[in-house]
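To be precise, the following lines are entry.tsv, and they hold TSV, C-alpha atoms and all ligand atoms.
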```
chain	number	residue	atom	x	y	z
L	912	MET	CA	-35.66	24.15	-39.31
L	913	PRO	CA	-32.74	23.41	-36.93
L	914	LYS	CA	-29.69	21.75	-38.47
L	915	LYS	CA	-27.77	18.72	-37.21
L	916	ASN	CA	-24.99	19.89	-34.90
L	917	THR	CA	-21.53	18.69	-35.93
L	918	VAL	CA	-17.96	19.34	-34.83
L	919	ALA	CA	-17.80	22.03	-37.55
L	920	THR	CA	-21.06	23.80	-36.55
L	921	LEU	CA	-20.09	23.72	-32.87
L	922	MET	CA	-16.62	25.12	-33.61
L	923	ALA	CA	-18.27	27.85	-35.70
L	924	MET	CA	-20.51	28.72	-32.72
L	925	LYS	CA	-17.42	29.15	-30.55
L	926	GLU	CA	-15.82	31.36	-33.18
L	927	ARG	CA	-18.97	33.52	-33.36
L	928	GLY	CA	-19.06	33.76	-29.56
L	929	GLU	CA	-22.43	31.91	-29.38
L	930	LYS	CA	-22.94	29.83	-26.26
L	931	ILE	CA	-23.25	26.06	-26.70
L	932	THR	CA	-25.78	24.07	-24.67
L	933	GLN	CA	-25.36	20.53	-23.41
L	934	LEU	CA	-27.56	18.35	-21.18
L	935	THR	CA	-27.29	14.74	-20.18
L	936	SER	CA	-29.86	12.18	-21.33
L	937	TYR	CA	-29.91	8.45	-20.83
L	938	ASP	CA	-33.15	7.30	-22.46
L	939	PHE	CA	-35.21	7.74	-25.63
L	940	SER	CA	-38.12	9.76	-24.18
L	941	THR	CA	-35.94	12.34	-22.45
L	942	ALA	CA	-33.45	12.63	-25.33
L	943	ARG	CA	-36.32	13.27	-27.77
L	944	LEU	CA	-37.49	16.24	-25.66
L	945	VAL	CA	-33.97	17.59	-25.17
L	946	ASP	CA	-33.25	17.28	-28.90
L	947	ALA	CA	-36.55	18.97	-29.85
L	948	ALA	CA	-35.79	21.85	-27.44
L	949	GLY	CA	-32.77	22.75	-29.56
L	950	ILE	CA	-30.05	21.77	-27.09
L	951	ASN	CA	-26.85	21.55	-29.16
L	952	THR	CA	-25.24	18.49	-27.62
L	953	ILE	CA	-26.44	15.58	-25.52
L	954	LEU	CA	-24.08	13.80	-23.17
L	955	VAL	CA	-24.83	10.20	-22.26
L	956	GLY	CA	-22.79	10.64	-19.11
L	957	ASP	CA	-21.62	7.85	-16.87
L	958	SER	CA	-23.43	9.93	-14.23
L	959	LEU	CA	-26.18	7.47	-15.19
L	960	GLY	CA	-24.58	5.19	-12.59
L	961	MET	CA	-25.88	7.63	-9.98
L	962	THR	CA	-28.99	9.13	-11.61
L	963	MET	CA	-30.41	6.00	-13.25
L	964	GLN	CA	-28.87	3.15	-11.28
L	965	GLY	CA	-28.61	4.59	-7.77
L	966	TYR	CA	-24.89	4.00	-7.16
L	967	GLU	CA	-22.93	6.44	-4.98
L	968	ASP	CA	-20.48	7.22	-7.77
L	969	THR	CA	-19.86	6.46	-11.45
L	970	LEU	CA	-17.27	3.70	-11.00
L	971	PRO	CA	-19.54	0.62	-11.34
L	972	VAL	CA	-20.84	1.58	-14.82
L	973	THR	CA	-19.85	-0.92	-17.53
L	974	MET	CA	-19.36	-0.69	-21.30
L	975	ASP	CA	-22.40	-2.92	-21.88
L	976	GLU	CA	-24.55	-0.56	-19.81
L	977	MET	CA	-23.27	2.50	-21.68
L	978	VAL	CA	-24.23	0.79	-24.94
L	979	VAL	CA	-27.80	0.11	-23.76
L	980	TYR	CA	-28.41	3.69	-22.58
L	981	GLY	CA	-26.42	5.21	-25.45
L	982	ARG	CA	-28.40	3.38	-28.13
L	983	SER	CA	-31.72	4.70	-26.83
L	984	VAL	CA	-30.40	8.26	-26.90
L	985	GLY	CA	-28.79	7.85	-30.33
L	986	ARG	CA	-32.13	6.74	-31.78
L	987	ALA	CA	-33.87	9.85	-30.41
L	988	CYS	CA	-31.57	12.58	-31.69
L	989	LYS	CA	-32.24	14.33	-34.97
L	990	ASN	CA	-30.18	17.49	-34.39
L	991	ALA	CA	-28.25	17.19	-31.15
L	992	PHE	CA	-24.61	16.08	-31.31
L	993	VAL	CA	-24.41	12.94	-29.17
L	994	ILE	CA	-21.39	12.35	-26.91
L	995	LEU	CA	-20.98	9.07	-25.05
L	996	ASP	CA	-18.93	8.74	-21.88
L	997	MET	CA	-16.27	6.06	-21.73
L	998	PRO	CA	-16.83	4.37	-18.34
L	999	PHE	CA	-14.24	3.78	-15.64
L	1000	MET	CA	-11.55	1.29	-16.73
L	1001	SER	CA	-12.69	1.18	-20.35
L	1002	TYR	CA	-9.74	3.31	-21.53
L	1003	GLN	CA	-7.16	3.49	-18.72
L	1004	VAL	CA	-5.61	0.01	-19.06
L	1005	SER	CA	-4.23	0.31	-22.59
L	1006	VAL	CA	-4.43	2.47	-25.68
L	1007	GLU	CA	-5.62	-0.55	-27.66
L	1008	GLN	CA	-8.52	-1.14	-25.28
L	1009	ALA	CA	-9.40	2.57	-25.37
L	1010	VAL	CA	-9.63	2.52	-29.17
L	1011	THR	CA	-11.66	-0.71	-29.21
L	1012	ASN	CA	-14.14	0.62	-26.66
L	1013	ALA	CA	-14.45	4.06	-28.28
L	1014	GLY	CA	-15.12	2.32	-31.60
L	1015	ARG	CA	-17.79	0.13	-29.99
L	1016	LEU	CA	-19.66	3.14	-28.60
L	1017	MET	CA	-19.59	4.81	-32.01
L	1018	LYS	CA	-20.67	1.71	-33.94
L	1019	GLU	CA	-23.41	0.51	-31.61
L	1020	CYS	CA	-24.95	3.79	-30.40
L	1021	GLN	CA	-24.95	6.21	-33.36
L	1022	ALA	CA	-22.71	8.46	-31.24
L	1023	ASN	CA	-20.93	11.48	-32.70
L	1024	ALA	CA	-18.06	11.59	-30.18
L	1025	VAL	CA	-16.75	9.96	-27.02
L	1026	LYS	CA	-15.72	11.58	-23.75
L	1027	LEU	CA	-13.02	10.43	-21.38
L	1028	GLU	CA	-11.68	11.83	-18.13
L	1029	GLY	CA	-8.14	12.99	-17.45
L	1030	GLY	CA	-5.58	15.43	-18.77
L	1031	ALA	CA	-1.91	14.72	-19.47
L	1032	THR	CA	-2.39	11.09	-18.33
L	1033	VAL	CA	-4.69	10.20	-21.25
L	1034	VAL	CA	-3.06	11.97	-24.18
L	1035	LYS	CA	-1.97	8.66	-25.77
L	1036	GLN	CA	-5.55	7.42	-25.72
L	1037	ILE	CA	-6.89	10.69	-27.17
L	1038	LYS	CA	-4.29	10.65	-29.96
L	1039	ALA	CA	-5.11	7.06	-30.89
L	1040	ILE	CA	-8.90	7.51	-30.78
L	1041	THR	CA	-8.88	10.72	-32.84
L	1042	ALA	CA	-6.51	9.04	-35.32
L	1043	CYS	CA	-9.43	6.67	-36.05
L	1044	GLY	CA	-11.66	9.60	-36.96
L	1045	ILE	CA	-13.55	9.61	-33.66
L	1046	PRO	CA	-14.00	13.09	-32.16
L	1047	VAL	CA	-12.96	13.25	-28.49
L	1048	CYS	CA	-14.33	15.43	-25.70
L	1049	ALA	CA	-11.89	15.51	-22.78
L	1050	HIS	CA	-12.92	16.12	-19.16
L	1051	ILE	CA	-10.62	17.80	-16.64
L	1052	GLY	CA	-10.79	19.48	-13.23
L	1053	MET	CA	-13.04	17.44	-10.95
L	1054	THR	CA	-13.16	14.13	-12.78
L	1055	PRO	CA	-15.76	11.95	-10.99
L	1056	GLN	CA	-14.04	8.65	-11.87
L	1057	SER	CA	-11.15	9.81	-9.61
L	1058	VAL	CA	-13.44	10.52	-6.64
L	1059	ASN	CA	-11.45	8.12	-4.44
L	1060	ALA	CA	-8.15	9.82	-5.28
L	1061	PHE	CA	-9.67	13.26	-4.62
L	1062	GLY	CA	-11.26	12.13	-1.35
L	1063	GLY	CA	-14.72	13.30	-2.48
L	1064	PHE	CA	-16.37	15.43	-5.17
L	1065	LYS	CA	-14.23	18.52	-4.50
L	1066	VAL	CA	-13.45	21.71	-6.42
L	1067	GLN	CA	-10.13	21.35	-8.29
L	1068	GLY	CA	-7.62	23.95	-9.50
L	1069	LYS	CA	-7.51	25.90	-6.23
L	1070	GLY	CA	-4.13	27.45	-5.48
L	1071	GLU	CA	-1.38	28.33	-7.97
L	1072	ASP	CA	0.10	24.85	-8.52
L	1073	ASN	CA	-3.29	23.25	-9.08
L	1074	ALA	CA	-4.44	26.06	-11.37
L	1075	ARG	CA	-1.31	25.60	-13.49
L	1076	ARG	CA	-1.88	21.84	-13.60
L	1077	VAL	CA	-5.48	22.23	-14.82
L	1078	LEU	CA	-4.38	24.71	-17.53
L	1079	GLU	CA	-1.57	22.34	-18.59
L	1080	ASP	CA	-4.07	19.46	-18.72
L	1081	ALA	CA	-6.26	21.54	-21.05
L	1082	LEU	CA	-3.33	22.30	-23.34
L	1083	ALA	CA	-2.25	18.64	-23.31
L	1084	VAL	CA	-5.67	17.26	-24.34
L	1085	GLN	CA	-5.97	19.92	-27.04
L	1086	GLU	CA	-2.52	19.02	-28.39
L	1087	ALA	CA	-3.59	15.35	-28.40
L	1088	GLY	CA	-6.58	16.19	-30.63
L	1089	ALA	CA	-9.60	16.80	-28.36
L	1090	PHE	CA	-12.12	19.18	-29.99
L	1091	MET	CA	-14.00	19.85	-26.75
L	1092	VAL	CA	-13.23	19.74	-23.03
L	1093	VAL	CA	-15.51	19.64	-20.02
L	1094	LEU	CA	-14.21	21.78	-17.15
L	1095	GLU	CA	-15.86	20.49	-13.99
L	1096	CYS	CA	-15.77	22.32	-10.65
L	1097	VAL	CA	-12.88	24.66	-11.30
L	1098	PRO	CA	-12.78	28.33	-10.23
L	1099	PRO	CA	-14.58	30.55	-12.80
L	1100	LYS	CA	-11.59	32.82	-13.48
L	1101	LEU	CA	-9.39	29.81	-14.25
L	1102	ALA	CA	-12.08	28.35	-16.55
L	1103	ALA	CA	-12.32	31.71	-18.36
L	1104	LEU	CA	-8.54	31.83	-18.76
L	1105	ILE	CA	-8.47	28.29	-20.17
L	1106	THR	CA	-11.28	29.22	-22.57
L	1107	LYS	CA	-9.18	32.17	-23.79
L	1108	LYS	CA	-6.05	30.04	-24.21
L	1109	VAL	CA	-7.50	27.10	-26.16
L	1110	LYS	CA	-9.02	26.68	-29.62
L	1111	MET	CA	-11.14	23.70	-28.56
L	1112	ILE	CA	-14.62	24.23	-27.10
L	1113	THR	CA	-14.84	24.50	-23.31
L	1114	ILE	CA	-18.01	23.25	-21.62
L	1115	GLY	CA	-18.37	24.22	-17.98
L	1116	ILE	CA	-20.15	22.58	-15.09
L	1117	GLY	CA	-19.59	24.40	-11.82
L	1118	ALA	CA	-16.99	26.49	-13.67
L	1119	GLY	CA	-18.72	29.85	-14.11
L	1120	ALA	CA	-20.04	31.66	-17.16
L	1121	GLY	CA	-16.73	32.19	-18.96
L	1122	CYS	CA	-16.79	28.86	-20.82
L	1123	ASP	CA	-17.97	28.40	-24.42
L	1124	GLY	CA	-20.93	26.37	-23.21
L	1125	GLN	CA	-22.56	24.74	-20.21
L	1126	VAL	CA	-23.64	21.23	-19.26
L	1127	LEU	CA	-25.96	20.06	-16.49
L	1128	VAL	CA	-27.31	16.69	-15.47
L	1129	TYR	CA	-30.94	16.84	-16.55
L	1130	GLN	CA	-32.40	15.45	-13.31
L	1131	ASP	CA	-30.56	18.18	-11.41
L	1132	MET	CA	-31.85	21.05	-13.56
L	1133	LEU	CA	-35.39	19.63	-13.46
L	1134	GLY	CA	-35.43	19.37	-9.68
L	1135	MET	CA	-35.60	15.57	-9.67
L	1136	SER	CA	-32.46	14.78	-7.68
L	1137	GLY	CA	-33.73	14.72	-4.11
L	1138	ASP	CA	-32.40	16.75	-1.24
L	1139	PHE	CA	-28.74	17.16	-2.17
L	1140	VAL	CA	-28.23	19.69	-4.96
L	1141	PRO	CA	-24.71	20.92	-5.79
L	1142	LYS	CA	-24.17	24.71	-5.52
L	1143	PHE	CA	-23.74	25.10	-9.28
L	1144	VAL	CA	-27.15	23.57	-10.13
L	1145	LYS	CA	-30.10	25.82	-10.86
L	1146	PRO	CA	-33.47	24.02	-10.85
L	1147	PHE	CA	-35.16	25.33	-14.01
L	1148	ALA	CA	-38.33	23.42	-13.04
L	1149	HIS	CA	-39.66	21.34	-10.15
L	1150	ILE	CA	-40.54	18.21	-12.07
L	1151	GLY	CA	-39.72	15.97	-9.09
L	1152	ASP	CA	-42.51	17.64	-7.05
L	1153	ALA	CA	-44.89	17.49	-10.03
L	1154	MET	CA	-44.16	13.75	-10.46
L	1155	SER	CA	-44.67	13.00	-6.77
L	1156	GLU	CA	-47.96	14.88	-6.83
L	1157	ALA	CA	-49.13	12.94	-9.89
L	1158	PHE	CA	-48.09	9.57	-8.36
L	1159	ARG	CA	-50.02	10.41	-5.16
L	1160	ALA	CA	-53.11	11.49	-7.14
L	1161	TYR	CA	-53.05	8.23	-9.16
L	1162	ASP	CA	-52.66	6.17	-5.98
L	1163	ALA	CA	-55.60	7.98	-4.38
L	1164	GLU	CA	-57.91	7.72	-7.43
L	1165	VAL	CA	-57.26	4.01	-8.05
L	1166	LYS	CA	-57.84	3.26	-4.37
L	1167	ALA	CA	-61.03	5.39	-4.32
L	1168	GLY	CA	-62.33	3.69	-7.49
L	1169	THR	CA	-62.59	6.98	-9.38
L	1170	PHE	CA	-59.98	5.96	-11.97
L	1171	PRO	CA	-60.53	4.61	-14.57
L	1172	ASP	CA	-63.84	6.32	-15.28
L	1173	ALA	CA	-65.96	6.04	-18.46
L	1174	ALA	CA	-63.91	8.67	-20.25
L	1175	HIS	CA	-60.81	6.47	-19.88
L	1176	SER	CA	-62.38	3.09	-20.70
L	1177	TYR	CA	-63.36	1.23	-23.88
L	1178	VAL	CA	-67.09	1.36	-23.08
L	1179	LYS	CA	-68.31	-0.10	-26.36
L	1180	SER	CA	-68.25	-3.88	-26.49
L	1181	ASP	CA	-69.04	-6.26	-29.32
L	1182	CYS	CA	-70.86	-8.47	-26.82
L	1183	SER	CA	-74.34	-7.76	-25.54
L	1184	ASP	CA	-75.09	-7.48	-21.85
L	1185	GLU	CA	-77.14	-10.70	-22.24
L	1186	PHE	CA	-74.11	-12.56	-23.56
L	1187	LEU	CA	-71.92	-11.31	-20.72
L	1188	ALA	CA	-74.62	-12.43	-18.26
L	1189	LYS	CA	-74.51	-15.87	-19.92
L	1190	LEU	CA	-70.71	-15.98	-19.53
L	1191	ASP	CA	-71.12	-15.00	-15.91
L	1192	ALA	CA	-73.51	-17.89	-15.36
L	1193	GLU	CA	-71.36	-20.41	-17.25
L	1194	TYR	CA	-68.07	-19.90	-15.42
D	1	LIG	O1	-21.23	11.89	-16.52
D	1	LIG	C1	-21.64	13.06	-16.67
D	1	LIG	O2	-22.84	13.34	-16.69
D	1	LIG	C2	-20.64	14.10	-16.81
D	1	LIG	C3	-21.10	15.53	-16.70
D	1	LIG	C4	-21.42	15.84	-15.30
D	1	LIG	C5	-20.13	16.46	-17.29
D	1	LIG	O3	-19.50	13.81	-17.00
```
If you took the structure in this file and wrote it as structure tokens, what would it be?
Ligand code: KIV
Amino acid sequence: MPKKNTVATLMAMKERGEKITQLTSYDFSTARLVDAAGINTILVGDSLGMTMQGYEDTLPVTMDEMVVYGRSVGRACKNAFVILDMPFMSYQVSVEQAVTNAGRLMKECQANAVKLEGGATVVKQIKAITACGIPVCAHIGMTPQSVNAFGGFKVQGKGEDNARRVLEDALAVQEAGAFMVVLECVPPKLAALITKKVKMITIGIGAGAGCDGQVLVYQDMLGMSGDFVPKFVKPFAHIGDAMSEAFRAYDAEVKAGTFPDAAHSYVKSDCSDEFLAKLDAEY
């Protein structure tokens, strides 16, 4: 019987050298499957702006939207540790606002932790949120909320100065109290070095195998994301193709009149054929 994952059980996994798994989920049905598969942590990422809402980036996502998606996931999880993303501009403006919004996600979504993007620039927010007893997952390297500053979704930490900056960001968020950090799109050797240097859990995405765990966006790993697939994504299934095939088969059967057939209809009726004929004549 799998046990509920907590900060303590996840830290113990890191200490034992066991890899930690994380996938995104944004709805009840998917989260239930991810949870039942034994995935350790579920991230309700603000990537939902792109995967669920069709925006080009994560910037438009609001707190109210995070609460709606987050609640559905929270209700589905029996064992997975649920982390909710703090959306763009829900924590940058002031420490007070960051604490209020982190508290809201915890209270309204049955979350176990919040995640926010940034290194040295958000240490005040991380200190204040963790001081309230809310575990924080940081997110450094390629932070999608800064896509406009980066000029695109680009690998970070290339070159000596940038590598030093990413390592210093990791140390800064750890010092501020983060128990976990997502390392997104950084060179694998740098991610492995950071993992060696910190006590907190490192979760990689496009950061090689040297991290304590891995995260992927579930639509990406299921082959549901369309034509553009980032280099670091491995499609573990081709669910997108399977769905398209099923949608086409349904369309064809309904149009041909072969669905629904008797096996998929409530054939027994309380009314006799005579009565139905009478109704037909009356109306
Ligand atoms: O929003 C998200 O899904 C994320 C992951 C890609 C790490 O931040």
At most 10 Å from ligand LIG 1 (chain D) (all atoms listed in the file): residue list as a count of residues only: 45
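Atom CA of L:Ala1089 is positioned 23.5 Å from atom CA of L:Asp1072.
The spacing separating atom CA of L:Ser1005 from atom CA of L:Ser1057 amounts to 17.5 Å.
Within 12 Å of L:Lys930, once all atoms listed in the file are used and residues closer than 5 positions along the same chain are dropped, the contacting residues are L:Leu921, L:Met922, L:Ala923, L:Met924, L:Lys925, L:Ile950, L:Asn951, L:Thr952, L:Ile1112, L:Thr1113, L:Ile1114, L:Gly1115, L:Ala1120, L:Gly1121, L:Cys1122, L:Asp1123, L:Gly1124, L:Gln1125, L:Val1126.
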One-decimal distance in Å that lies between atom CA of L:Leu1078 and atom CA of L:Ala1031: 10.5 Å
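Excluding L:Asn916 and any residue on its chain fewer than 3 positions from it, the residues at most 6 Å away by all atoms listed in the file are Thr920, Asn990, Ala991 and Phe992 of chain L.
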